[in-house]
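*Asks:* My file is final.csv. It has CSV, C-alpha atoms:
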chain,number,residue,atom,x,y,z
A,37,MET,CA,-48.7,-4.1,5.2
A,38,ASN,CA,-45.6,-4.3,2.9
A,39,ASN,CA,-42.0,-4.7,4.1
A,40,SER,CA,-41.2,-1.0,4.0
A,41,ASP,CA,-44.2,-0.1,6.1
A,42,PHE,CA,-43.2,-2.8,8.7
A,43,VAL,CA,-39.6,-1.5,8.8
A,44,ARG,CA,-40.8,2.1,9.3
A,45,GLN,CA,-42.7,1.0,12.4
A,46,LEU,CA,-39.7,-0.6,14.1
A,47,PRO,CA,-38.4,1.4,17.1
A,48,GLY,CA,-35.4,3.5,16.0
A,49,SER,CA,-35.4,2.2,12.5
A,50,ASN,CA,-36.4,5.5,10.9
A,51,ARG,CA,-33.5,7.3,12.5
A,52,SER,CA,-30.8,4.7,11.5
A,53,ILE,CA,-32.1,4.2,8.0
A,54,SER,CA,-32.5,7.9,7.2
A,55,SER,CA,-29.1,8.7,8.7
A,56,HIS,CA,-27.5,6.0,6.5
A,57,ARG,CA,-29.2,7.2,3.4
A,58,THR,CA,-28.4,10.9,4.2
A,59,ILE,CA,-24.7,10.2,4.5
A,60,SER,CA,-24.8,8.1,1.3
A,61,GLN,CA,-26.8,10.8,-0.5
A,62,ARG,CA,-24.6,13.6,0.6
A,63,LEU,CA,-21.4,12.0,-0.3
A,64,ARG,CA,-22.8,10.0,-3.3
A,65,ILE,CA,-20.8,7.1,-2.0
A,66,ASP,CA,-21.9,3.5,-1.4
A,67,ILE,CA,-21.1,3.2,2.3
A,68,PRO,CA,-20.7,-0.6,2.3
A,69,LEU,CA,-18.4,-0.4,-0.7
A,70,LEU,CA,-16.4,2.4,1.0
A,71,VAL,CA,-16.0,0.2,4.1
A,72,LEU,CA,-14.8,-2.7,2.1
A,73,LEU,CA,-12.3,-0.4,0.3
A,74,LEU,CA,-11.0,0.8,3.7
A,75,ILE,CA,-10.6,-2.8,4.9
A,76,LEU,CA,-8.8,-3.8,1.7
A,77,SER,CA,-6.5,-0.8,2.1
A,78,GLY,CA,-5.7,-1.7,5.7
A,79,VAL,CA,-4.9,-5.2,4.7
A,80,GLY,CA,-2.7,-3.9,1.9
A,81,LEU,CA,-0.7,-1.7,4.3
A,82,THR,CA,-0.3,-4.6,6.7
A,83,VAL,CA,1.2,-6.8,4.0
A,84,LEU,CA,3.3,-3.8,2.8
A,85,TYR,CA,4.8,-3.4,6.3
A,86,SER,CA,6.1,-7.0,6.1
A,87,ALA,CA,7.2,-6.9,2.5
A,88,SER,CA,9.2,-3.7,3.1
A,89,ASP,CA,11.0,-5.3,6.1
A,90,GLY,CA,9.1,-3.3,8.6
A,91,SER,CA,9.7,0.1,7.0
A,92,MET,CA,7.2,2.4,8.5
A,93,ALA,CA,8.3,5.2,6.2
A,94,THR,CA,7.2,3.0,3.2
A,95,VAL,CA,3.8,2.4,4.9
A,96,LEU,CA,3.3,6.0,5.7
A,97,ARG,CA,4.1,7.1,2.2
A,98,GLN,CA,1.6,4.6,0.8
A,99,GLY,CA,-0.9,5.7,3.4
A,100,ARG,CA,-0.6,9.3,2.2
A,101,TYR,CA,-1.2,8.2,-1.4
A,102,LEU,CA,-4.3,6.3,-0.3
A,103,SER,CA,-5.6,9.3,1.6
A,104,VAL,CA,-5.2,11.4,-1.5
A,105,ALA,CA,-6.9,8.7,-3.6
A,106,PHE,CA,-9.9,8.5,-1.3
A,107,VAL,CA,-10.3,12.3,-1.3
A,108,VAL,CA,-10.2,12.3,-5.1
A,109,MET,CA,-12.7,9.5,-5.2
A,110,ILE,CA,-15.2,11.4,-3.0
A,111,LEU,CA,-14.7,14.6,-5.1
A,112,VAL,CA,-15.3,12.8,-8.4
A,113,ALA,CA,-18.4,11.1,-6.9
A,114,GLN,CA,-19.9,14.6,-6.5
A,115,LEU,CA,-19.9,15.0,-10.3
A,116,HIS,CA,-22.9,14.1,-12.3
A,117,PRO,CA,-22.3,11.4,-15.0
A,118,GLU,CA,-23.3,14.0,-17.6
A,119,GLN,CA,-20.4,16.2,-16.4
A,120,LEU,CA,-17.9,13.4,-16.9
A,121,GLN,CA,-19.4,12.8,-20.3
A,122,ARG,CA,-18.8,16.4,-21.3
A,123,TRP,CA,-15.3,16.4,-20.0
A,124,ALA,CA,-14.2,13.0,-21.5
A,125,PRO,CA,-13.1,14.3,-24.9
A,126,PHE,CA,-11.0,17.1,-23.3
A,127,ALA,CA,-9.5,14.7,-20.9
A,128,TYR,CA,-8.6,12.5,-23.8
A,129,ILE,CA,-6.9,15.3,-25.7
A,130,VAL,CA,-4.9,16.3,-22.6
A,131,CYS,CA,-3.9,12.7,-22.0
A,132,VAL,CA,-2.6,12.3,-25.6
A,133,LEU,CA,-0.7,15.6,-25.3
A,134,LEU,CA,0.9,14.4,-22.0
A,135,LEU,CA,1.9,11.1,-23.7
A,136,LEU,CA,3.5,13.1,-26.6
A,137,ALA,CA,5.3,15.2,-24.1
A,138,VAL,CA,6.9,12.1,-22.6
A,139,ASP,CA,8.7,11.5,-25.9
A,140,PHE,CA,10.3,15.0,-25.8
A,141,VAL,CA,10.8,16.0,-22.2
A,142,GLY,CA,10.1,12.7,-20.4
A,143,ILE,CA,12.2,11.3,-17.6
A,144,GLY,CA,13.9,8.0,-18.2
A,145,ALA,CA,14.6,5.2,-15.8
A,146,LYS,CA,15.7,1.6,-16.2
A,147,GLY,CA,15.8,1.8,-20.0
A,148,ALA,CA,12.4,3.4,-20.4
A,149,GLN,CA,11.1,6.9,-20.7
A,150,ARG,CA,7.6,6.9,-19.1
A,151,TRP,CA,7.5,9.8,-16.6
A,152,LEU,CA,6.9,13.5,-16.6
A,153,GLY,CA,8.3,15.7,-13.8
A,154,ILE,CA,6.6,18.8,-12.3
A,155,GLY,CA,8.9,20.3,-9.7
A,156,GLY,CA,9.8,17.4,-7.4
A,157,PHE,CA,6.7,15.3,-8.4
A,158,ARG,CA,6.9,12.6,-11.1
A,159,PHE,CA,3.9,10.8,-12.7
A,160,GLN,CA,3.2,8.5,-15.6
A,161,PRO,CA,0.6,9.8,-18.1
A,162,SER,CA,-0.1,6.2,-19.0
A,163,GLU,CA,-1.7,5.8,-15.6
A,164,ILE,CA,-4.1,8.7,-16.4
A,165,ALA,CA,-4.9,6.9,-19.7
A,166,LYS,CA,-6.2,3.9,-17.8
A,167,LEU,CA,-9.2,6.0,-16.7
A,168,VAL,CA,-9.5,8.3,-19.7
A,169,MET,CA,-9.5,5.6,-22.4
A,170,PRO,CA,-12.7,3.8,-21.5
A,171,MET,CA,-14.4,7.2,-20.7
A,172,ALA,CA,-13.4,8.6,-24.2
A,173,VAL,CA,-14.7,5.5,-26.1
A,174,ALA,CA,-17.9,5.5,-24.0
A,175,TRP,CA,-18.4,9.2,-24.7
A,176,TYR,CA,-18.0,8.7,-28.5
A,177,LEU,CA,-20.3,5.7,-28.7
A,178,SER,CA,-22.9,7.4,-26.5
A,179,THR,CA,-23.4,10.0,-29.2
A,180,HIS,CA,-24.3,7.4,-31.9
A,181,PRO,CA,-26.9,4.6,-32.2
A,182,LEU,CA,-26.0,1.2,-30.7
A,183,PRO,CA,-24.7,-1.3,-31.6
A,184,PRO,CA,-22.1,0.7,-33.5
A,185,GLY,CA,-21.7,0.3,-37.2
A,186,PHE,CA,-18.4,-0.2,-39.1
A,187,ARG,CA,-17.6,3.5,-39.3
A,188,HIS,CA,-18.2,4.2,-35.6
A,189,THR,CA,-16.3,1.0,-34.6
A,190,PHE,CA,-13.4,2.2,-36.8
A,191,VAL,CA,-13.3,5.6,-35.1
A,192,SER,CA,-13.4,4.0,-31.7
A,193,LEU,CA,-10.5,1.7,-32.6
A,194,ALA,CA,-8.6,4.8,-33.8
A,195,LEU,CA,-9.3,6.5,-30.4
A,196,ILE,CA,-7.8,3.4,-28.7
A,197,LEU,CA,-4.8,3.0,-31.0
A,198,ILE,CA,-3.4,6.5,-30.6
A,199,PRO,CA,-2.6,6.4,-26.9
A,200,THR,CA,-1.8,2.7,-27.1
A,201,GLY,CA,0.8,3.4,-29.8
A,202,LEU,CA,2.3,6.3,-27.8
A,203,ILE,CA,2.7,4.0,-24.8
A,204,ILE,CA,4.2,1.1,-26.8
A,205,ILE,CA,7.1,3.3,-28.0
A,206,GLN,CA,8.0,4.4,-24.4
A,207,PRO,CA,8.4,1.3,-24.3
A,208,ASP,CA,5.7,-0.1,-22.0
A,209,LEU,CA,4.1,-3.1,-23.6
A,210,GLY,CA,2.2,-4.3,-20.5
A,211,THR,CA,0.4,-1.0,-19.8
A,212,SER,CA,-0.4,-0.5,-23.5
A,213,ILE,CA,-2.1,-3.9,-23.6
A,214,LEU,CA,-4.1,-3.1,-20.5
A,215,ILE,CA,-5.2,0.3,-21.9
A,216,ALA,CA,-6.1,-1.1,-25.3
A,217,THR,CA,-8.1,-3.8,-23.5
A,218,SER,CA,-10.1,-1.3,-21.5
A,219,GLY,CA,-11.1,0.5,-24.7
A,220,VAL,CA,-12.0,-2.6,-26.6
A,221,PHE,CA,-14.1,-3.9,-23.6
A,222,VAL,CA,-16.2,-0.8,-23.9
A,223,LEU,CA,-16.7,-1.6,-27.6
A,224,PHE,CA,-17.7,-5.1,-26.6
A,225,LEU,CA,-20.3,-3.9,-24.2
A,226,ALA,CA,-21.6,-1.6,-26.9
A,227,GLY,CA,-22.7,-4.7,-28.8
A,228,ILE,CA,-20.3,-5.1,-31.7
A,229,SER,CA,-20.9,-8.4,-33.6
A,230,TRP,CA,-19.0,-11.6,-32.8
A,231,GLY,CA,-18.0,-11.8,-36.5
A,232,PHE,CA,-16.1,-8.5,-36.1
A,233,ILE,CA,-14.5,-9.8,-32.9
A,234,PHE,CA,-13.3,-13.0,-34.5
A,235,SER,CA,-12.1,-11.1,-37.5
A,236,CYS,CA,-9.9,-8.9,-35.2
A,237,LEU,CA,-8.6,-11.9,-33.4
A,238,GLY,CA,-7.7,-13.5,-36.7
A,239,LEU,CA,-5.9,-10.3,-37.8
A,240,LEU,CA,-4.0,-10.2,-34.5
A,241,ALA,CA,-2.9,-13.8,-35.1
A,242,MET,CA,-1.6,-12.9,-38.5
A,243,MET,CA,0.3,-10.0,-37.1
A,244,ALA,CA,1.9,-12.0,-34.3
A,245,TYR,CA,5.0,-13.0,-36.2
A,246,PRO,CA,5.7,-9.5,-37.8
A,247,MET,CA,5.3,-7.9,-34.3
A,248,TRP,CA,7.6,-10.5,-32.8
A,249,GLU,CA,10.3,-9.8,-35.4
A,250,PHE,CA,10.0,-6.0,-35.9
A,251,VAL,CA,8.0,-4.4,-33.1
A,252,LEU,CA,8.9,-6.1,-29.8
A,253,HIS,CA,12.2,-5.2,-28.1
A,254,ASP,CA,14.6,-7.9,-27.0
A,255,TYR,CA,13.7,-7.6,-23.4
A,256,GLN,CA,10.0,-8.0,-24.3
A,257,ARG,CA,10.6,-11.1,-26.3
A,258,GLN,CA,12.7,-12.4,-23.4
A,259,ARG,CA,9.8,-11.8,-20.9
A,260,ILE,CA,7.4,-13.8,-23.1
A,261,LEU,CA,9.9,-16.7,-23.4
A,262,THR,CA,10.5,-16.6,-19.6
A,263,MET,CA,6.8,-16.6,-18.9
A,264,LEU,CA,6.4,-19.8,-21.0
A,265,ASN,CA,9.5,-21.5,-19.6
A,266,PRO,CA,11.2,-19.7,-16.6
A,267,GLU,CA,13.3,-22.8,-15.9
A,268,SER,CA,15.2,-22.2,-19.1
A,269,ASP,CA,17.2,-19.5,-17.4
A,270,LYS,CA,17.0,-20.2,-13.6
A,271,LEU,CA,19.7,-17.8,-12.5
A,272,GLY,CA,18.9,-15.1,-15.0
A,273,ALA,CA,15.6,-14.0,-16.5
A,274,GLY,CA,13.6,-16.8,-14.8
A,275,TRP,CA,14.9,-16.0,-11.3
A,276,ASN,CA,12.0,-13.7,-10.3
A,277,ILE,CA,9.2,-16.0,-11.4
A,278,ILE,CA,10.9,-19.1,-9.8
A,279,GLN,CA,11.4,-17.3,-6.5
A,280,SER,CA,7.8,-16.0,-6.4
A,281,LYS,CA,6.5,-19.5,-7.1
A,282,THR,CA,8.7,-20.9,-4.3
A,283,ALA,CA,7.4,-18.2,-1.9
A,284,ILE,CA,3.8,-19.1,-2.7
A,285,GLY,CA,4.4,-22.8,-2.4
A,286,SER,CA,6.4,-22.6,0.8
A,287,GLY,CA,3.6,-20.8,2.5
A,288,GLY,CA,1.3,-23.8,2.2
A,289,PHE,CA,-2.4,-23.5,2.9
A,290,GLU,CA,-2.1,-21.8,6.3
A,291,GLY,CA,0.9,-19.5,5.6
A,292,LYS,CA,4.0,-18.9,7.7
A,293,GLY,CA,2.5,-16.0,9.6
A,294,TRP,CA,2.8,-12.2,9.4
A,295,LEU,CA,6.5,-11.0,9.3
A,296,LEU,CA,7.7,-14.6,9.1
A,297,GLY,CA,8.0,-15.1,5.3
A,298,THR,CA,11.5,-16.3,4.4
A,299,GLN,CA,11.6,-15.6,0.7
A,300,SER,CA,11.0,-11.9,1.1
A,301,HIS,CA,12.9,-11.3,4.4
A,302,LEU,CA,15.9,-13.2,3.2
A,303,ASP,CA,16.0,-11.2,0.0
A,304,PHE,CA,15.4,-14.2,-2.3
A,305,LEU,CA,12.2,-12.5,-3.6
A,306,PRO,CA,13.0,-9.4,-5.7
A,307,GLU,CA,10.9,-6.2,-5.5
A,308,SER,CA,8.9,-7.8,-2.7
A,309,HIS,CA,7.1,-4.6,-1.7
A,310,THR,CA,6.0,-3.8,-5.3
A,311,ASP,CA,5.9,-6.2,-8.2
A,312,PHE,CA,5.9,-9.4,-6.1
A,313,ILE,CA,4.0,-8.4,-3.1
A,314,ILE,CA,1.3,-11.0,-3.9
A,315,ALA,CA,3.9,-13.7,-3.3
A,316,VAL,CA,4.5,-12.2,0.2
A,317,LEU,CA,0.8,-12.2,0.9
A,318,ALA,CA,0.6,-15.9,-0.2
A,319,GLU,CA,3.6,-17.0,1.8
A,320,GLU,CA,2.6,-15.4,5.1
A,321,PHE,CA,-1.2,-15.7,5.0
Can you give me the file's structure in the form of structure tokens?
*Replies:*
Amino acid sequence: MNNSDFVRQLPGSNRSISSHRTISQRLRIDIPLLVLLLILSGVGLTVLYSASDGSMATVLRQGRYLSVAFVVMILVAQLHPEQLQRWAPFAYIVCVLLLLAVDFVGIGAKGAQRWLGIGGFRFQPSEIAKLVMPMAVAWYLSTHPLPPGFRHTFVSLALILIPTGLIIIQPDLGTSILIATSGVFVLFLAGISWGFIFSCLGLLAMMAYPMWEFVLHDYQRQRILTMLNPESDKLGAGWNIIQSKTAIGSGGFEGKGWLLGTQSHLDFLPESHTDFIIAVLAEEF
């Protein structure tokens, strides 16, 4: 008797196992993974409540976004991978058109033009590119033999560079690096040679100085310098990093407790409910 035969003979085992499999098969969702995502979301909302100084409106707004995200996740899970493969090139074209539209009719804020507005709703096309980019590169490579040759690698890099360049000029250097990395990672998994990888790294090293002088904006260069030495401007550009490090260190190993973080609640920590919420988590927990 094998293990599956033994389990089938256990009282009540058939009903529980078949029920679990039926739900998973109908939703095409990994139930344990879904439970972990729900727990993670709950923890995130708990930390957000503290980081926003007890603003229930902020928590409810984030909760609505999470609800929409889970619904979209379940809907997308119903699609067969072949459907996603067929739609990938069209999604890529739409994404590039949206990024182009940002340059002409985009909404600016804080010195950057990154948003599109539809009625009262605003969104960043670069966020869509985070999903579309690896899908588009995977779609292209899936239609050719692997590992990819020079020509297919060159076309893949072109697919990566077009949206990356459009995002750089918004300007949004951080997101452009993230999106380019997601596309390059697909190339890496496709089996490109290490020689090609090291050649690209050498080319990037050679381009570092020209990019520093002629491509990066002043605030981008300042961010890099601040990351390397935040103490060089303690009350200016280095303030955010220094305060976040103070929050993490002051929490110690056990943390100060939920709602008891001093750096965030005394307004030393900037953007505590968005960019620096990890510092709130570390200080309190």
*Asks:* Excluding same-chain residues fewer than 2 positions from A:Met109, what lies within 12 Å of it counting only C-alpha atoms, as a ChimeraX atom specification?
*Replies:* /A:63-66,70,73,102-107,111-115
*Asks:* Separation of atom CA of A:Val130 and atom CA of A:Phe224, in Å?
*Replies:*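 Taking atom CA of A:Val130 as the start and atom CA of A:Phe224 as the end point, the length is 25.3 Å.
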*Asks:* Between A:Leu295, A:Ile110, A:Leu152, A:Ile278, which residue has the minimum interatomic distance to A:Gly90, considering all atoms listed in the file?
*Replies:*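 That would be A:Leu295, the residue with the smallest distance to A:Gly90.
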*Asks:* Using all atoms listed in the file for the distances, tell me which of A:Ala87, A:Phe250, A:Gln258, A:Phe304 is nearest to A:Ala273.
*Replies:*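 Among A:Ala87, A:Phe250, A:Gln258, A:Phe304, it is A:Gln258 that comes nearest to A:Ala273.
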*Asks:* Produce a table with one row for each residue of stretch 89-194 of chain A that has an atom at most 9 Å from any atom of stretch 200-221 of chain A, each row naming the nearest atom pair and its distance in Å at one decimal; use all atoms listed in the file; arrange rows by chain and rising residue number; format as JSON lines.
*Replies:*
{"residue": "A:Val132", "atom": "CA", "partner": "A:Leu202", "partner_atom": "CA", "distance": 8.1}
{"residue": "A:Leu135", "atom": "CA", "partner": "A:Leu202", "partner_atom": "CA", "distance": 6.3}
{"residue": "A:Leu136", "atom": "CA", "partner": "A:Leu202", "partner_atom": "CA", "distance": 7.0}
{"residue": "A:Val138", "atom": "CA", "partner": "A:Gln206", "partner_atom": "CA", "distance": 8.0}
{"residue": "A:Asp139", "atom": "CA", "partner": "A:Gln206", "partner_atom": "CA", "distance": 7.3}
{"residue": "A:Gly147", "atom": "CA", "partner": "A:Pro207", "partner_atom": "CA", "distance": 8.6}
{"residue": "A:Ala148", "atom": "CA", "partner": "A:Pro207", "partner_atom": "CA", "distance": 6.0}
{"residue": "A:Gln149", "atom": "CA", "partner": "A:Gln206", "partner_atom": "CA", "distance": 5.4}
{"residue": "A:Arg150", "atom": "CA", "partner": "A:Gln206", "partner_atom": "CA", "distance": 5.9}
{"residue": "A:Ser162", "atom": "CA", "partner": "A:Ile203", "partner_atom": "CA", "distance": 6.8}
{"residue": "A:Glu163", "atom": "CA", "partner": "A:Thr211", "partner_atom": "CA", "distance": 8.3}
{"residue": "A:Ala165", "atom": "CA", "partner": "A:Ile215", "partner_atom": "CA", "distance": 7.0}
{"residue": "A:Lys166", "atom": "CA", "partner": "A:Ile215", "partner_atom": "CA", "distance": 5.5}
{"residue": "A:Leu167", "atom": "CA", "partner": "A:Ile215", "partner_atom": "CA", "distance": 8.7}
{"residue": "A:Met169", "atom": "CA", "partner": "A:Gly219", "partner_atom": "CA", "distance": 5.8}
{"residue": "A:Pro170", "atom": "CA", "partner": "A:Gly219", "partner_atom": "CA", "distance": 4.9}
{"residue": "A:Met171", "atom": "CA", "partner": "A:Gly219", "partner_atom": "CA", "distance": 8.5}
{"residue": "A:Ala172", "atom": "CA", "partner": "A:Gly219", "partner_atom": "CA", "distance": 8.4}
{"residue": "A:Val173", "atom": "CA", "partner": "A:Gly219", "partner_atom": "CA", "distance": 6.3}
{"residue": "A:Ala174", "atom": "CA", "partner": "A:Gly219", "partner_atom": "CA", "distance": 8.5}
{"residue": "A:Ser192", "atom": "CA", "partner": "A:Gly219", "partner_atom": "CA", "distance": 8.2}
{"residue": "A:Leu193", "atom": "CA", "partner": "A:Val220", "partner_atom": "CA", "distance": 7.5}
*Asks:* For atom CA of A:Gly227 and atom CA of A:Val191, quote the distance in Å rounded to one decimal.
*Replies:*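 Answer for the atom CA of A:Gly227 to atom CA of A:Val191 separation: 15.3 Å.
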*Asks:* What gap, in Å, lies between atom CA of A:Gly274 and atom CA of A:Thr262?
*Replies:*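 Computing the Euclidean distance for atom CA of A:Gly274 and atom CA of A:Thr262 yields 5.7 Å.
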*Asks:* Rank A:Tyr245, A:Glu320, A:Ser308, A:Asp269 by their smallest atom-to-atom distance to A:Leu84, using only C-alpha atoms, and report the top residue only.
*Replies:*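 Closest to A:Leu84 of all the choices is A:Ser308.
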*Asks:* Tell me which of A:Gly153, A:Ser280, A:Pro68, A:Gln121 sits closest to A:Pro266, counting all atoms listed in the file.
*Replies:*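 Of A:Gly153, A:Ser280, A:Pro68, A:Gln121, the one nearest A:Pro266, counting all atoms listed in the file, is A:Ser280.
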*Asks:* When distances are computed from only C-alpha atoms, which of A:Ile67, A:Phe234, A:Leu271, A:Ser86 shows the smallest separation from A:Leu302?
*Replies:*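 With only C-alpha atoms as the atom set, the closest residue is A:Ser86.
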*Asks:* Within 9 Å of A:Leu81, counting all atoms listed in the file, which residues show up once you throw out same-chain ones fewer than 3 positions away? Write them as a ChimeraX atom specification, please.
*Replies:* /A:76-78,84-86,95-96,98-99
*Asks:* For the selection just defined, write its residues with C-alpha atoms to a file, as an mmCIF file, in the frame of the given file.
*Replies:*
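Saved result, result.cif, follows:
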data_model
loop_
_atom_site.group_PDB
_atom_site.id
_atom_site.type_symbol
_atom_site.label_atom_id
_atom_site.label_comp_id
_atom_site.auth_asym_id
_atom_site.auth_seq_id
_atom_site.Cartn_x
_atom_site.Cartn_y
_atom_site.Cartn_z
ATOM 1 C CA LEU A 76 -8.800 -3.800 1.700
ATOM 2 C CA SER A 77 -6.500 -0.800 2.100
ATOM 3 C CA GLY A 78 -5.700 -1.700 5.700
ATOM 4 C CA LEU A 84 3.300 -3.800 2.800
ATOM 5 C CA TYR A 85 4.800 -3.400 6.300
ATOM 6 C CA SER A 86 6.100 -7.000 6.100
ATOM 7 C CA VAL A 95 3.800 2.400 4.900
ATOM 8 C CA LEU A 96 3.300 6.000 5.700
ATOM 9 C CA GLN A 98 1.600 4.600 0.800
ATOM 10 C CA GLY A 99 -0.900 5.700 3.400
#
*Asks:* Of the candidates A:Ser88, A:Ala244, A:Gly231, A:Ile196, which one gets nearest to A:Arg257 if we count only C-alpha atoms?
*Replies:*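 Distance minimum relative to A:Arg257 lands on A:Ala244.
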*Asks:* List the neighbours of A:Asp303 out to 12 Å using only C-alpha atoms; skip same-chain residues closer than 6 positions along the sequence, and give me the result as a ChimeraX atom specification.
*Replies:* /A:87-89,276,279-280,283,297,309,312,316
